[in-house]
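Peer 1: So that we are looking at the same thing, I have put the structure below in structure tokens.
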Amino acid sequence: MGSFDESITCRPIGVIRTPHTDSATTPRQPHHAQGIKGRIEVDPRFEKGLTGIECYSHIVLLFVFDRAHPYRLTVTPPHDSILRGVFATRSPSRPNPIGLSVVRLLRREGNCLHVADVDMLDRTSILDIKPYIVDPRFAEPIHDDRLLAFDDGRAPGTPRTST
């Protein structure tokens, strides 16, 4: 196995403006943010890089969880009782606090992209933008109950005992 390079540097290419100012009330996934609009302000130096983006109905945003708590390697996702490794979740508290969301692209105006279904806090730094292209070969997740465990140590199918 190769060595790890800990000197990687990423610079934001822009910022997203959204109505979300409190992480506790910000939707956790784009499908919970249906219709909520935002605007991505791309640094003018990178405007040429947006050429042709308006051909896509959806775009992928890579962004920084700049207000996340320090990372934990195991977390229990919201509305779940199963303890999972952070890499098996979309938790913002990660060793590298990088987020990913697919949003609807409404229109482009110069270096600004108007988007919908935003689930990011206002003034979140955007690291990259990519067109969203569906590949049906990877649409179905693989489920294996042997990999799951509840946060209290129970195996799936084991009833919770009251204490």
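Chain lettering (A, B, ...) mirrors the order of the structure tokens, residue numbering begins at 1 for each chain separately, and ligand numbering begins at 1 in order of display.
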Taking the DSSP assignment computed from this structure's backbone, write out as number ranges by chain all residues of range 17-146 of chain A that belong to helix (DSSP H, G or I).
Peer 2: A: 30-32, 44-50, 53-55, 86-88, 136-138, 145-146
Peer 1: Determine, counting only C-alpha atoms, which protein, DNA and RNA residues have an atom within 10 Å of an atom of range 120-128 of chain A; residues of the same chain fewer than 2 positions away are not included. Present the result as a PyMOL selection string.
Peer 2: chain A and resi 10-23+25-30+33+38-42+60-67+98-101+117-118+130
Peer 1: Select from range 17-116 of chain A everything DSSP, run on the backbone, classes as strand (DSSP E), then give the selection as a VMD selection string.
Peer 2: chain A and resid 17 37 to 42 58 to 64 74 to 75 82 to 85 98 to 109 112 to 116
Peer 1: For Gln34 in chain A, which of A:Thr9, A:Cys55, A:Tyr71, A:Val102 is the closest residue, counting only C-alpha atoms?
Peer 2: A:Val102
Peer 1: Between CA of Val103 in chain A and CA of Ile133 in chain A, what is the distance in Å, rounded to a tenth?
Peer 2: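 Computing the Euclidean distance for CA of Val103 in chain A and CA of Ile133 in chain A yields 12.2 Å.
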Peer 1: Suppose you want the space between CA of Ala68 in chain A and CA of Asp80 in chain A; what is it in Å?
Peer 2: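 Taking CA of Ala68 in chain A and CA of Asp80 in chain A, their separation equals 19.4 Å.
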Peer 1: Rounded to one decimal, what separation in Å do you get between CA of Ile36 in chain A and CA of His114 in chain A?
Peer 2: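 Distance reported for this atom pair: 10.9 Å.
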